[in-house]
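*Asks:* Got a structure for you, written out below as structure tokens; questions coming shortly.
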Amino acid sequence: MPGASPVGPVEHGVWRGIELARPVALTYAVVMVALHQEDMRRPWVAWTVLAVLGCWATLAGLRRWRGREAVLVELGLVCVAILLTTLVHTGESITAGATTIPAMYAAIPVVAAAAVDGARGGLPAAVAVTCANLWEVGRPNGGTIYNTLLLFLLAAATGVGVELGRRHQGALAEATRLRAEAAERERLARVVHDGVLQHLAFIHRRGLQLGGEATELGDLAARSEADLRRLMATGGQAGGSASAGGSDPAQSAVPVDIRPALQALGGPGTQVVVPATPVTLTNHRAAELVAAVAACLDNVARHAGDDARAWVLLEDLGDRVELTVRDDGRGIEPGRLEAAAAQGRLGVATSILGRVRDLGGRASYRGGPGRGTVVHLSVPRTPEDVR
């Protein structure tokens, strides 16, 4: 006999219903036999059949027999039980519409077949039970036709429901996979932007400043930077894994005070203002938020102008942490961020906006040409963020 067969989330609910319906259907069959055993020729046959079905229902439920082989065995037991009804009832009672020995239990293997193979399994099972009923009754009556229609409707409805559920489950799994791949690509893009791209941009600038043979090296770095940005913009897969994703999960969940890391970003031209009391986030969330601020300051250094100054303000609002990064540089022209993203320059889109979005927060830019830029970051707190 087959052991427990693994089932998906769609079929699990159907099988739970089957395992609950078995004792109910069997109880009904027992009551019918008990009420009419005085009119039976061989009541012991009926009790023996019900005992066999009871043993099967108990074992199938306890051992989670849910595979195709188990369905075929139960279908065979039900069909044999229907055919044995001719040994129990008289010909007159059968013609008059007497209940078969399994009664409504006959629908159980039909639903089980639909749970395993959808409508392709449920409808043939309904045909098998119907043939056994027709053989037993000889001449169909109104009750036979009514029960047959109900049986086929049950098989079709259950089968179609299972097939649609499987289809939607597959679509959900595919969507989840694509979302995870997109999130991983964005995470890698942030790592590349914060490391490799910035280094290449620095080499390019220094090469132009030094001149001579260094110019050629700077041009090579610029071409490499452009190629890498193009690869990131088109969603190219990066090989290997970034160290940012390989940290210990237990360490990532430890609350830390983000003030020291933010204060370390201060320096000539950059002032960091933090509260007097600790502001805690989990290690991973704190590192991501600090990295977003560092990316903001890097943009100030690269694009705001040589004399631009920057201010970072940290606020602890209880249910959320807010950071404001302001500079007095040349500002951002309207549409500049969208154009940069279209050209593959994903610093703001991934290193800042993407990071904050992944933390469940919001980020906004405000400013204009000659008026500096204000970046506002707001991240909600989780219960794990507070120590």
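In the structure tokens, each chain is lettered A, B, ... as it comes, each chain's residues begin at 1, and ligands are numbered from 1 in order of appearance.
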Using only C-alpha atoms, which residues sit within 12 Å of Arg16 (chain A) once same-chain residues fewer than 4 positions away are excluded, as a ChimeraX atom specification?

*Replies:* /A:7,9-12,20-22,60-62,64-66,111-112,115

*Asks:* Show which residues sit within 9 Å of region 275-280 of chain A, as a compact mmCIF listing (two decimals) with all heavy atoms, in the first residue's frame. Count only C-alpha atoms, and ignore same-chain residues fewer than 6 positions away.

*Replies:*
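Output (part-v3.txt):
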```txt
# COMPACT_ATOMS: atom_id res chain seq x y z
N PRO A 255 19.99 44.83 17.45
CA PRO A 255 19.82 46.29 17.41
C PRO A 255 21.13 47.01 17.71
O PRO A 255 21.88 46.62 18.61
CB PRO A 255 18.79 46.56 18.51
CG PRO A 255 18.12 45.25 18.77
CD PRO A 255 19.16 44.21 18.50
N VAL A 256 21.44 48.05 16.93
CA VAL A 256 22.65 48.84 17.13
C VAL A 256 22.28 50.32 17.06
O VAL A 256 21.28 50.71 16.45
CB VAL A 256 23.73 48.52 16.08
CG1 VAL A 256 24.19 47.08 16.19
CG2 VAL A 256 23.21 48.81 14.67
N ASP A 257 23.09 51.12 17.69
CA ASP A 257 22.93 52.58 17.65
C ASP A 257 23.54 53.10 16.36
O ASP A 257 24.73 52.88 16.08
CB ASP A 257 23.62 53.19 18.87
CG ASP A 257 23.39 54.68 18.97
OD1 ASP A 257 22.67 55.23 18.12
OD2 ASP A 257 23.93 55.30 19.90
N ILE A 258 22.75 53.78 15.54
CA ILE A 258 23.24 54.23 14.23
C ILE A 258 23.99 55.55 14.32
O ILE A 258 24.60 55.99 13.33
CB ILE A 258 22.11 54.35 13.20
CG1 ILE A 258 21.15 55.50 13.57
CG2 ILE A 258 21.34 53.05 13.10
CD1 ILE A 258 20.12 55.77 12.50
N ARG A 259 23.99 56.21 15.48
CA ARG A 259 24.63 57.52 15.58
C ARG A 259 26.13 57.48 15.28
O ARG A 259 26.61 58.35 14.50
CB ARG A 259 24.39 58.10 16.97
CG ARG A 259 22.92 58.43 17.25
CD ARG A 259 22.77 59.00 18.66
NE ARG A 259 23.34 58.09 19.65
CZ ARG A 259 23.65 58.44 20.90
NH1 ARG A 259 23.48 59.70 21.29
NH2 ARG A 259 24.15 57.55 21.75
N ALA A 286 20.24 49.21 9.95
CA ALA A 286 21.09 50.36 10.23
C ALA A 286 22.15 50.53 9.15
O ALA A 286 22.40 51.65 8.67
CB ALA A 286 21.75 50.20 11.60
N LEU A 313 20.82 65.51 9.34
CA LEU A 313 20.04 65.60 10.58
C LEU A 313 19.33 64.28 10.82
O LEU A 313 18.56 63.80 9.97
CB LEU A 313 19.01 66.74 10.48
CG LEU A 313 18.01 66.83 11.64
CD1 LEU A 313 18.73 67.14 12.95
CD2 LEU A 313 16.93 67.88 11.34
N LEU A 314 19.58 63.68 11.98
CA LEU A 314 18.93 62.43 12.38
C LEU A 314 17.85 62.74 13.42
O LEU A 314 18.11 63.45 14.40
CB LEU A 314 19.96 61.45 12.96
CG LEU A 314 19.38 60.19 13.64
CD1 LEU A 314 18.67 59.30 12.62
CD2 LEU A 314 20.50 59.42 14.34
N GLU A 315 16.65 62.19 13.21
CA GLU A 315 15.54 62.38 14.14
C GLU A 315 14.93 61.03 14.51
O GLU A 315 14.67 60.21 13.63
CB GLU A 315 14.47 63.27 13.52
CG GLU A 315 14.93 64.68 13.20
CD GLU A 315 13.84 65.50 12.55
OE1 GLU A 315 13.70 65.40 11.31
OE2 GLU A 315 13.11 66.21 13.27
N ASP A 316 14.72 60.83 15.81
CA ASP A 316 14.07 59.62 16.32
C ASP A 316 12.64 59.99 16.68
O ASP A 316 12.39 60.68 17.68
CB ASP A 316 14.82 59.09 17.54
CG ASP A 316 14.26 57.75 18.00
OD1 ASP A 316 13.21 57.33 17.48
OD2 ASP A 316 14.87 57.14 18.90
N VAL A 321 12.31 56.40 12.00
CA VAL A 321 13.57 57.16 12.03
C VAL A 321 13.62 57.99 10.76
O VAL A 321 13.41 57.47 9.65
CB VAL A 321 14.78 56.22 12.12
CG1 VAL A 321 16.08 57.00 12.00
CG2 VAL A 321 14.76 55.45 13.43
N ASP A 385 13.83 46.46 16.06
CA ASP A 385 14.75 47.59 16.02
C ASP A 385 15.04 48.18 17.39
O ASP A 385 16.01 48.92 17.57
CB ASP A 385 14.17 48.70 15.13
CG ASP A 385 14.20 48.33 13.65
OD1 ASP A 385 15.12 47.61 13.26
OD2 ASP A 385 13.28 48.73 12.92
N VAL A 386 14.17 47.87 18.36
CA VAL A 386 14.30 48.49 19.69
C VAL A 386 14.89 47.49 20.66
O VAL A 386 14.46 46.34 20.75
CB VAL A 386 12.92 48.94 20.20
CG1 VAL A 386 13.08 49.66 21.55
CG2 VAL A 386 12.27 49.86 19.18
N ARG A 387 15.92 47.89 21.37
CA ARG A 387 16.54 46.99 22.35
C ARG A 387 16.19 47.42 23.76
O ARG A 387 15.80 48.55 24.02
CB ARG A 387 18.04 46.97 22.16
CG ARG A 387 18.76 48.31 22.37
CD ARG A 387 20.23 48.16 22.12
NE ARG A 387 20.90 49.46 22.20
CZ ARG A 387 22.19 49.63 21.92
NH1 ARG A 387 22.90 48.60 21.50
NH2 ARG A 387 22.74 50.82 22.02
```

*Asks:* Give me, please, the distance in Å between CA of Leu172 (chain A) and CA of Ile352 (chain A), quoted to one decimal.

*Replies:*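 CA of Ile352 (chain A) lies 28.8 Å from CA of Leu172 (chain A).
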
*Asks:* Using CA of Thr158 (chain A) and CA of Ala107 (chain A) as the two end points, give the distance in Å to one decimal.

*Replies:*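 Those two atoms sit 11.6 Å apart.
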
*Asks:* Show which residues sit within 9 Å of Gly118 (chain A), as a list of chain:residue names. Count only C-alpha atoms, and ignore same-chain residues fewer than 6 positions away.

*Replies:*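 Returned residues: A:Ala155, A:Ala156, A:Thr158, A:Gly159, A:Val160, A:Gly161, A:Val162, A:Glu163.
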
*Asks:* For a test of reading the model, state the distance in Å between CA of Trp56 (chain A) and CA of Leu77 (chain A), rounded to one decimal.

*Replies:* 9.1 Å
